[in-house]
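Colleague: Have a look at the structure that comes next, please.
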Amino acid sequence: MSSTHPIKDLLAQLVGEALDVVAPGAPVSLEIERPKNASHGDFSSNAAMQLARPLKKNPRELAQLILNELSASPLVAKTEIAGAGFINFHLAPAAWHGVVPRIRREGRAYGHGTRGQGQRVLVEFVSANPTGPLHVGHGRQAALGDALCNLFAAQGWAVHREFYYNDAGVQIATLASSVQCRARGLKPGDAGWPESAYNGDYIAEIAADFLAQKTVRADDREVTASGNADDLDAIREFAVAYLRHEQDLDLTAFAVKFDHFYLESSLYTSGRVDATVATLVANGKTYEQDGALWLRTTDYGDDKDRVMRKSDGGYTYFVPDVAYHVAKWERGFTRAINIQGTDHHGTIARVRAGLQSVGLGIAEGYPDYLLHTMVRVMRGGEEVKISKRAGSYVTLRDLIEWTSKDAVRYFLLSRKPDTEYVFDVDLALAKNNDNPVFYVQYAHARICRVFEEWGGDAATLEAASLVPLVSAHEQALMQRLAEYPEAVAAAAEELAPHLVVHYLAALAGDFHAWYNAEKFLVDDPATKHARLALADACRITIVNGLALLGVSAPETM
RNA sequence: GCCCCCGUAGCUCAGUGGAUAGAGCAUCCCCCUCCUAAGGGGAGGGUCACACGUUCGAUUCGUGUCGGGGGCACCA
């Protein structure tokens with residue numbers, strides 16, 4: 001772990017020193033940017049343009065003044081003033097060489113940062129109710145959540161992965177009654193089959209296992225069925241355990257692990273719900289109306305006040321939700337991120353308002369939310385909506401079985417969370433560059449193959465001089481590699497794993513272009529070894545990036 | 001009606017207060033006697049939805065309009 005981008009740091013320092021002479025104390029945001037157009041050099045600074053207004057001077061003249069004071073560096077081949085007042089830097093080829101030994105030295109730690117050091121973050125995701133198999137939307141959450149956790153961990157955070165599940169509400173009651181109906185021989189469509197019941201085949205399977213007095217094991221519980229179809233409590237307990245087990249299998253297939261499964265019911269049994277309500281009442285944040293207890297969430301920006309305790313005496317779901325987030329805070333997680341579907345958008349304001357109302361000094365924007373949109377599935381040119389297991393939706397497990405864990409993860413992470421995604425099963429199975437995950441993995445496999453061909457040893461690479469790396473492809477590749485730590489830091493900062501996906505696609509593209517332009521296992525050992533060192537740096541970076549996404553990097557394909 | 005998100009190439013989507021807005025797919029042309037052609041190079045393709053405003057500069061920021069999605073329960 002070292003500086004995010006040593007070359008930018010160097011240029012920023014040079015410009016900063018010149019500014020101290022030209023315009024001491026002037027308000028300049030020192031940013032070294034990479035111009036879109038290669039003819040504008042490797043990097044540029046707009047410092048002169050920022051100074052133009054406060055100093056009331058022509059930006060190009062200011063740029064010249066800055067250039068006059070700029071110290072020379074062996075890594076800077078040429079500087080020039082261009083456009084409205086940009087200072088452009090053209091670097092010497094050797095400027096890029098430093099990145100290769102750096103990557104080979106840092107290895108799996110390349111791209112890691114220290115921004116989160118000493119801080120704890122709780123990421124809550126999936127949080128599916130145990131009423132059915134995980135669907136593809138949960139898959140998007142699982143992919144996002146896990147990647148985000150990896151990104152935070154790579155920035156030094158202590159990360160806690162949590163799955164919250166509702167084992168106390170109406171939907172669980174529906175689950176139990178649905179299984180009971182099946183256990184009594186009813187099926188969807190029969191007279192007496194409730195309209196609200198779950199219709200998937202898995203309900204019948206649960207009922208059959210219940211009647212057969214089977215035992216199910218989930219990560220946090222083990223239940224043996226009584227087989228008594230009249231005992232609704234026993235059915236509920238068995239069905240929840242059964243589906244928790246099923247969801248564990250789904251998550252295992254997707255290679256997602258949680259540190260903790262948090263039960264909604266525990267908020268009641270531990271007294272946290274009552275304590276939270278008591279605090280809110282004591283704080284004067286509530287009032288009685290129409291026989292219900294209301295919370296003044298409008299004091300904190302919600303559009304309307306919310307009912308906490310219904311006139312029938314029961315709590316609305318958001319009360320345990322507030323209690324849960326109080327518990328997150330009290331467990332020492334000063335940062336919490338919730339990953340949910342955009343349909344939860346409406347609940348954000350009230351949960352935050354509730355947390356402000358308890359008066360524990362909880363930060364105003366707590367928790368953070370990352371909301372994602374729907375996923376649709378296409379296969380053979382048609383939208384797939386039905387899964388045999390789930391009945392009305394395609395499950396995550398279906399998708400993984402049809403394609404692969406790697407493809408599902410990569411695809412679901414390839415778009416910004418707030419854009420709708422159409423998962424193309426046929427594309428995920430394609431073994432060519434149409435398939436984005438294949439394209440990246442193939443770049444890695446190609447490098448591995450080259451190393452197999454080479455037959456050399458690490459010490460030779462270690463000693464290799466990089467001076468032969470002067471071609472445009474090699475420059476571009478080194479430049480790309482140098483940007484990796486920034487891409488990772490930005491992805492964590494912006495809760496945007498897709499930035500890593502796009503980075504890897506660009507890196508793989510740079511590599512394939514280079515590979516194709518040269519036959520790089522040439523006879524000349526100096527050139528060969530320099531190229532191998534660069535290829536090795538690519539390999540390490542691809543492995544690191546894919547690891548953040550939870551995608552494997554096969555050595556052969 | 002109110003709130004949030006989105007509107008960028010034929011399609012799927014990135015991106016940015018700056019200098020000529022990008023990628024993949026699709027279409028067309030080209031490249032293996034060679035380490036995986038499972039790859040690469042090139043061409044065409046754009047009123048960055050529209051209008052007004054802020055700015056030296058707006059696709060990016062603000063307001064409004066239109067279009068698409070989601071949410072607006074004493075459900076969870």
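Residue numbers start at 1 in each chain; chains themselves are named A, B, ... in the order of the structure tokens; ligands are numbered from 1 in the order shown.
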Mind listing as a PDB file with N, CA and C atoms, in the first residue's frame which residues of chain A are within 8 Å of chain B, counting only C-alpha atoms (C1' of nucleotides)?

Modeller:
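The result, written out as selection-v3.pdb:
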```
ATOM      1  N   ASN A  37      -7.851  13.622 -24.935  1.00  0.00           N
ATOM      2  CA  ASN A  37      -7.159  13.547 -26.217  1.00  0.00           C
ATOM      3  C   ASN A  37      -5.659  13.347 -25.983  1.00  0.00           C
ATOM      4  N   ALA A  82      -1.787  25.081 -23.698  1.00  0.00           N
ATOM      5  CA  ALA A  82      -2.698  24.771 -24.797  1.00  0.00           C
ATOM      6  C   ALA A  82      -4.099  25.229 -24.438  1.00  0.00           C
ATOM      7  N   GLY A  83      -4.900  25.372 -25.479  1.00  0.00           N
ATOM      8  CA  GLY A  83      -6.310  25.716 -25.286  1.00  0.00           C
ATOM      9  C   GLY A  83      -6.473  27.011 -24.527  1.00  0.00           C
ATOM     10  N   ALA A  84      -7.420  27.023 -23.636  1.00  0.00           N
ATOM     11  CA  ALA A  84      -7.756  28.241 -22.911  1.00  0.00           C
ATOM     12  C   ALA A  84      -6.742  28.581 -21.832  1.00  0.00           C
ATOM     13  N   GLY A 169     -43.478 -11.509  11.001  1.00  0.00           N
ATOM     14  CA  GLY A 169     -44.580 -10.723  10.442  1.00  0.00           C
ATOM     15  C   GLY A 169     -45.658 -11.522   9.727  1.00  0.00           C
ATOM     16  N   VAL A 170     -46.475 -10.751   9.023  1.00  0.00           N
ATOM     17  CA  VAL A 170     -47.613 -11.298   8.307  1.00  0.00           C
ATOM     18  C   VAL A 170     -47.189 -12.315   7.247  1.00  0.00           C
ATOM     19  N   GLN A 171     -46.054 -12.017   6.581  1.00  0.00           N
ATOM     20  CA  GLN A 171     -45.651 -12.897   5.489  1.00  0.00           C
ATOM     21  C   GLN A 171     -45.285 -14.291   5.998  1.00  0.00           C
ATOM     22  N   ALA A 292     -54.227   5.423  17.642  1.00  0.00           N
ATOM     23  CA  ALA A 292     -52.894   4.933  17.275  1.00  0.00           C
ATOM     24  C   ALA A 292     -51.820   5.860  17.841  1.00  0.00           C
ATOM     25  N   VAL A 307     -47.468   6.063  11.636  1.00  0.00           N
ATOM     26  CA  VAL A 307     -48.017   5.286  12.741  1.00  0.00           C
ATOM     27  C   VAL A 307     -46.951   4.321  13.256  1.00  0.00           C
ATOM     28  N   ARG A 309     -47.711   2.499  16.522  1.00  0.00           N
ATOM     29  CA  ARG A 309     -48.522   1.423  17.101  1.00  0.00           C
ATOM     30  C   ARG A 309     -49.932   1.585  16.583  1.00  0.00           C
ATOM     31  N   LYS A 310     -50.393   0.552  15.899  1.00  0.00           N
ATOM     32  CA  LYS A 310     -51.711   0.604  15.281  1.00  0.00           C
ATOM     33  C   LYS A 310     -52.799   0.569  16.346  1.00  0.00           C
ATOM     34  N   SER A 311     -54.004   0.935  15.949  1.00  0.00           N
ATOM     35  CA  SER A 311     -55.100   0.965  16.922  1.00  0.00           C
ATOM     36  C   SER A 311     -55.411  -0.446  17.426  1.00  0.00           C
ATOM     37  N   ASP A 312     -54.978  -1.471  16.708  1.00  0.00           N
ATOM     38  CA  ASP A 312     -55.189  -2.832  17.218  1.00  0.00           C
ATOM     39  C   ASP A 312     -54.083  -3.258  18.183  1.00  0.00           C
ATOM     40  N   THR A 316     -46.218  -1.185  13.712  1.00  0.00           N
ATOM     41  CA  THR A 316     -45.962  -1.248  12.280  1.00  0.00           C
ATOM     42  C   THR A 316     -44.515  -1.693  12.096  1.00  0.00           C
ATOM     43  N   TYR A 317     -44.195  -2.170  10.902  1.00  0.00           N
ATOM     44  CA  TYR A 317     -42.903  -2.837  10.705  1.00  0.00           C
ATOM     45  C   TYR A 317     -41.735  -1.873  10.938  1.00  0.00           C
ATOM     46  N   THR A 342     -35.163  -0.390  -5.131  1.00  0.00           N
ATOM     47  CA  THR A 342     -35.656   0.992  -5.146  1.00  0.00           C
ATOM     48  C   THR A 342     -37.070   1.100  -4.577  1.00  0.00           C
ATOM     49  N   ASP A 343     -37.762  -0.033  -4.476  1.00  0.00           N
ATOM     50  CA  ASP A 343     -39.103   0.042  -3.901  1.00  0.00           C
ATOM     51  C   ASP A 343     -39.054   0.394  -2.411  1.00  0.00           C
ATOM     52  N   HIS A 344     -37.878   0.326  -1.812  1.00  0.00           N
ATOM     53  CA  HIS A 344     -37.753   0.703  -0.401  1.00  0.00           C
ATOM     54  C   HIS A 344     -37.465   2.195  -0.226  1.00  0.00           C
ATOM     55  N   HIS A 345     -37.403   2.888  -1.334  1.00  0.00           N
ATOM     56  CA  HIS A 345     -37.021   4.286  -1.247  1.00  0.00           C
ATOM     57  C   HIS A 345     -37.849   5.060  -0.226  1.00  0.00           C
ATOM     58  N   GLY A 346     -39.152   4.793  -0.237  1.00  0.00           N
ATOM     59  CA  GLY A 346     -40.060   5.539   0.619  1.00  0.00           C
ATOM     60  C   GLY A 346     -39.809   5.355   2.108  1.00  0.00           C
ATOM     61  N   ARG A 415     -23.498  -2.850 -14.288  1.00  0.00           N
ATOM     62  CA  ARG A 415     -24.255  -1.615 -14.495  1.00  0.00           C
ATOM     63  C   ARG A 415     -24.363  -0.856 -13.189  1.00  0.00           C
ATOM     64  N   ASP A 418     -28.655   1.801 -10.183  1.00  0.00           N
ATOM     65  CA  ASP A 418     -29.960   2.418 -10.429  1.00  0.00           C
ATOM     66  C   ASP A 418     -30.429   2.317 -11.875  1.00  0.00           C
ATOM     67  N   THR A 419     -29.707   1.561 -12.713  1.00  0.00           N
ATOM     68  CA  THR A 419     -30.259   1.312 -14.040  1.00  0.00           C
ATOM     69  C   THR A 419     -30.797  -0.110 -14.101  1.00  0.00           C
ATOM     70  N   LYS A 431     -18.646 -18.064 -25.321  1.00  0.00           N
ATOM     71  CA  LYS A 431     -17.209 -18.140 -25.078  1.00  0.00           C
ATOM     72  C   LYS A 431     -16.475 -17.302 -26.118  1.00  0.00           C
ATOM     73  N   ASN A 432     -16.757 -16.031 -26.153  1.00  0.00           N
ATOM     74  CA  ASN A 432     -16.046 -15.125 -27.054  1.00  0.00           C
ATOM     75  C   ASN A 432     -16.146 -13.718 -26.495  1.00  0.00           C
ATOM     76  N   ASN A 433     -15.622 -12.772 -27.235  1.00  0.00           N
ATOM     77  CA  ASN A 433     -15.512 -11.442 -26.654  1.00  0.00           C
ATOM     78  C   ASN A 433     -16.832 -10.679 -26.600  1.00  0.00           C
ATOM     79  N   ASP A 434     -17.913 -11.311 -27.066  1.00  0.00           N
ATOM     80  CA  ASP A 434     -19.225 -10.725 -26.812  1.00  0.00           C
ATOM     81  C   ASP A 434     -19.516 -10.766 -25.313  1.00  0.00           C
ATOM     82  N   TYR A 442     -10.324 -14.330 -20.026  1.00  0.00           N
ATOM     83  CA  TYR A 442      -9.464 -14.832 -21.096  1.00  0.00           C
ATOM     84  C   TYR A 442      -8.129 -14.083 -21.123  1.00  0.00           C
ATOM     85  N   ARG A 446      -4.669 -15.998 -20.950  1.00  0.00           N
ATOM     86  CA  ARG A 446      -3.632 -15.812 -21.970  1.00  0.00           C
ATOM     87  C   ARG A 446      -2.281 -15.516 -21.330  1.00  0.00           C
ATOM     88  N   ARG A 449      -0.815 -18.575 -19.886  1.00  0.00           N
ATOM     89  CA  ARG A 449      -0.310 -19.437 -20.954  1.00  0.00           C
ATOM     90  C   ARG A 449       1.077 -18.967 -21.408  1.00  0.00           C
ATOM     91  N   VAL A 450       1.224 -17.666 -21.510  1.00  0.00           N
ATOM     92  CA  VAL A 450       2.518 -17.112 -21.910  1.00  0.00           C
ATOM     93  C   VAL A 450       3.596 -17.508 -20.902  1.00  0.00           C
ATOM     94  N   GLU A 453       4.685 -20.999 -21.403  1.00  0.00           N
ATOM     95  CA  GLU A 453       5.576 -21.102 -22.561  1.00  0.00           C
ATOM     96  C   GLU A 453       6.980 -20.650 -22.219  1.00  0.00           C
ATOM     97  N   HIS A 502     -15.792  -1.799 -15.215  1.00  0.00           N
ATOM     98  CA  HIS A 502     -15.392  -1.034 -16.389  1.00  0.00           C
ATOM     99  C   HIS A 502     -13.878  -0.904 -16.479  1.00  0.00           C
ATOM    100  N   HIS A 512      -5.214  -7.241 -24.558  1.00  0.00           N
ATOM    101  CA  HIS A 512      -5.448  -7.986 -25.801  1.00  0.00           C
ATOM    102  C   HIS A 512      -4.853  -7.243 -27.000  1.00  0.00           C
ATOM    103  N   ALA A 513      -4.986  -5.941 -26.995  1.00  0.00           N
ATOM    104  CA  ALA A 513      -4.457  -5.155 -28.119  1.00  0.00           C
ATOM    105  C   ALA A 513      -2.939  -5.289 -28.188  1.00  0.00           C
ATOM    106  N   ASN A 516      -1.844  -8.791 -29.249  1.00  0.00           N
ATOM    107  CA  ASN A 516      -2.066  -9.043 -30.668  1.00  0.00           C
ATOM    108  C   ASN A 516      -1.084  -8.277 -31.545  1.00  0.00           C
ATOM    109  N   ALA A 517      -0.586  -7.160 -31.045  1.00  0.00           N
ATOM    110  CA  ALA A 517       0.288  -6.313 -31.855  1.00  0.00           C
ATOM    111  C   ALA A 517       1.712  -6.861 -31.914  1.00  0.00           C
ATOM    112  N   LYS A 519       4.498 -10.243 -31.149  1.00  0.00           N
ATOM    113  CA  LYS A 519       4.750 -11.604 -30.666  1.00  0.00           C
ATOM    114  C   LYS A 519       5.737 -11.404 -29.544  1.00  0.00           C
ATOM    115  N   PHE A 520       5.268 -11.439 -28.289  1.00  0.00           N
ATOM    116  CA  PHE A 520       6.171 -10.882 -27.304  1.00  0.00           C
ATOM    117  C   PHE A 520       7.173 -11.831 -26.689  1.00  0.00           C
ATOM    118  N   LEU A 521       7.090 -13.096 -26.959  1.00  0.00           N
ATOM    119  CA  LEU A 521       8.178 -13.976 -26.510  1.00  0.00           C
ATOM    120  C   LEU A 521       9.264 -13.981 -27.573  1.00  0.00           C
TER     121      LEU A 521
END
```

Colleague: So that I can check the secondary structure, give me every residue of region 215-381 of chain A assigned strand (DSSP E) by backbone DSSP, as an NGL selection string.

Modeller: :A and (215-218 or 221-224 or 260-263 or 286-289 or 292-295 or 306-309 or 335-341 or 368-372 or 375-379)

Colleague: What would the file look like if the residues just selected were written as a tab-separated table (two decimals), in the first residue's frame with N, CA and C atoms?

Modeller:
```tsv
chain	number	residue	atom	x	y	z
A	215	THR	N	-35.85	-33.54	9.32
A	215	THR	CA	-35.10	-32.54	10.07
A	215	THR	C	-34.41	-31.60	9.09
A	216	VAL	N	-34.50	-30.31	9.34
A	216	VAL	CA	-33.76	-29.36	8.49
A	216	VAL	C	-32.81	-28.55	9.35
A	217	ARG	N	-31.70	-28.21	8.74
A	217	ARG	CA	-30.65	-27.48	9.44
A	217	ARG	C	-30.36	-26.21	8.66
A	218	ALA	N	-30.47	-25.09	9.30
A	218	ALA	CA	-30.00	-23.84	8.70
A	218	ALA	C	-28.80	-23.40	9.53
A	221	ARG	N	-30.03	-22.76	13.17
A	221	ARG	CA	-31.08	-23.53	13.84
A	221	ARG	C	-31.21	-24.92	13.23
A	222	GLU	N	-31.87	-25.79	13.99
A	222	GLU	CA	-32.15	-27.13	13.50
A	222	GLU	C	-33.55	-27.50	13.98
A	223	VAL	N	-34.39	-27.93	13.05
A	223	VAL	CA	-35.78	-28.20	13.41
A	223	VAL	C	-36.20	-29.55	12.85
A	224	THR	N	-36.84	-30.34	13.70
A	224	THR	CA	-37.42	-31.60	13.25
A	224	THR	C	-38.94	-31.43	13.21
A	260	HIS	N	-23.37	-12.52	10.13
A	260	HIS	CA	-24.43	-12.64	11.12
A	260	HIS	C	-25.80	-12.59	10.44
A	261	PHE	N	-26.70	-13.44	10.93
A	261	PHE	CA	-28.09	-13.37	10.53
A	261	PHE	C	-28.85	-12.77	11.70
A	262	TYR	N	-29.44	-11.63	11.48
A	262	TYR	CA	-30.10	-10.91	12.57
A	262	TYR	C	-31.60	-11.13	12.48
A	263	LEU	N	-32.19	-11.64	13.54
A	263	LEU	CA	-33.61	-11.98	13.53
A	263	LEU	C	-34.46	-10.81	14.01
A	286	THR	N	-43.77	11.76	19.92
A	286	THR	CA	-44.94	10.99	19.50
A	286	THR	C	-46.22	11.67	19.95
A	287	TYR	N	-47.33	11.21	19.41
A	287	TYR	CA	-48.65	11.66	19.87
A	287	TYR	C	-49.67	10.59	19.55
A	288	GLU	N	-50.78	10.62	20.30
A	288	GLU	CA	-51.87	9.68	20.09
A	288	GLU	C	-52.92	10.32	19.20
A	289	GLN	N	-53.40	9.57	18.24
A	289	GLN	CA	-54.50	10.07	17.41
A	289	GLN	C	-55.23	8.88	16.80
A	292	ALA	N	-54.23	5.42	17.64
A	292	ALA	CA	-52.89	4.93	17.28
A	292	ALA	C	-51.82	5.86	17.84
A	293	LEU	N	-50.59	5.34	17.91
A	293	LEU	CA	-49.46	6.14	18.36
A	293	LEU	C	-48.65	6.56	17.14
A	294	TRP	N	-48.44	7.85	16.99
A	294	TRP	CA	-47.76	8.37	15.81
A	294	TRP	C	-46.39	8.94	16.16
A	295	LEU	N	-45.48	8.87	15.20
A	295	LEU	CA	-44.17	9.49	15.36
A	295	LEU	C	-44.11	10.71	14.45
A	306	ARG	N	-45.84	9.13	10.84
A	306	ARG	CA	-46.05	7.69	10.64
A	306	ARG	C	-46.60	7.03	11.88
A	307	VAL	N	-47.47	6.06	11.64
A	307	VAL	CA	-48.02	5.29	12.74
A	307	VAL	C	-46.95	4.32	13.26
A	308	MET	N	-46.79	4.29	14.59
A	308	MET	CA	-45.88	3.32	15.19
A	308	MET	C	-46.65	2.14	15.75
A	309	ARG	N	-47.71	2.50	16.52
A	309	ARG	CA	-48.52	1.42	17.10
A	309	ARG	C	-49.93	1.58	16.58
A	335	ARG	N	-20.79	3.52	10.82
A	335	ARG	CA	-21.23	3.59	9.43
A	335	ARG	C	-22.01	2.33	9.12
A	336	ALA	N	-23.15	2.52	8.48
A	336	ALA	CA	-23.97	1.38	8.07
A	336	ALA	C	-24.46	1.64	6.66
A	337	ILE	N	-24.44	0.60	5.85
A	337	ILE	CA	-24.92	0.72	4.48
A	337	ILE	C	-25.98	-0.36	4.26
A	338	ASN	N	-27.13	0.06	3.78
A	338	ASN	CA	-28.20	-0.88	3.49
A	338	ASN	C	-28.36	-1.00	1.98
A	339	ILE	N	-28.40	-2.21	1.50
A	339	ILE	CA	-28.59	-2.42	0.08
A	339	ILE	C	-29.98	-2.99	-0.12
A	340	GLN	N	-30.79	-2.26	-0.86
A	340	GLN	CA	-32.19	-2.65	-1.03
A	340	GLN	C	-32.68	-2.28	-2.42
A	341	GLY	N	-33.84	-2.79	-2.76
A	341	GLY	CA	-34.46	-2.42	-4.02
A	341	GLY	C	-35.00	-1.01	-3.96
A	368	ASP	N	-26.57	4.78	5.39
A	368	ASP	CA	-26.51	4.99	3.94
A	368	ASP	C	-27.37	3.94	3.25
A	369	TYR	N	-27.92	4.32	2.11
A	369	TYR	CA	-28.68	3.35	1.33
A	369	TYR	C	-28.08	3.25	-0.07
A	370	LEU	N	-28.01	2.04	-0.56
A	370	LEU	CA	-27.67	1.82	-1.96
A	370	LEU	C	-28.86	1.08	-2.56
A	371	LEU	N	-29.59	1.76	-3.41
A	371	LEU	CA	-30.81	1.16	-3.96
A	371	LEU	C	-30.56	0.69	-5.39
A	372	HIS	N	-31.14	-0.44	-5.71
A	372	HIS	CA	-30.95	-0.98	-7.06
A	372	HIS	C	-32.30	-1.25	-7.71
A	375	VAL	N	-34.15	-6.62	-12.08
A	375	VAL	CA	-33.41	-7.43	-13.04
A	375	VAL	C	-34.42	-8.28	-13.81
A	376	ARG	N	-34.30	-8.25	-15.13
A	376	ARG	CA	-35.12	-9.15	-15.94
A	376	ARG	C	-34.19	-10.16	-16.60
A	377	VAL	N	-34.72	-11.29	-16.97
A	377	VAL	CA	-33.90	-12.36	-17.52
A	377	VAL	C	-34.38	-12.71	-18.92
A	378	MET	N	-33.43	-12.72	-19.87
A	378	MET	CA	-33.74	-13.10	-21.25
A	378	MET	C	-33.03	-14.40	-21.58
A	379	ARG	N	-33.72	-15.26	-22.29
A	379	ARG	CA	-33.12	-16.52	-22.71
A	379	ARG	C	-33.73	-16.87	-24.06
```

Colleague: What does the distance between CA of His135 (chain A) and CA of Trp402 (chain A) come to in Å, to one decimal place?

Modeller: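 Atom-to-atom, CA of His135 (chain A) and CA of Trp402 (chain A) are spaced 14.0 Å apart.
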
Colleague: Give me, as a list in words, all polymer residues having an atom no more than 12 Å from U54 (chain B), counting only C-alpha atoms (C1' of nucleotides) and skipping those fewer than 4 positions away in the same chain.

Modeller: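 Skipping anything fewer than 4 positions along the chain leaves G17, A58, C61, G62 and U63 of chain B.
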
Colleague: Export C-alpha atoms (C1' of nucleotides) of the chosen residues as a short mmCIF file (atom, residue, chain, number, x, y, z; two decimals), in the first residue's frame?

Modeller:
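Final output, selection_30.cif:
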```cif
data_model
loop_
_atom_site.label_atom_id
_atom_site.label_comp_id
_atom_site.auth_asym_id
_atom_site.auth_seq_id
_atom_site.Cartn_x
_atom_site.Cartn_y
_atom_site.Cartn_z
"C1'" G B 17 -17.90 22.20 -15.07
"C1'" A B 58 -22.88 23.31 -19.35
"C1'" C B 61 -24.97 22.58 -11.90
"C1'" G B 62 -30.26 25.03 -11.11
"C1'" U B 63 -35.48 25.63 -12.58
#
```
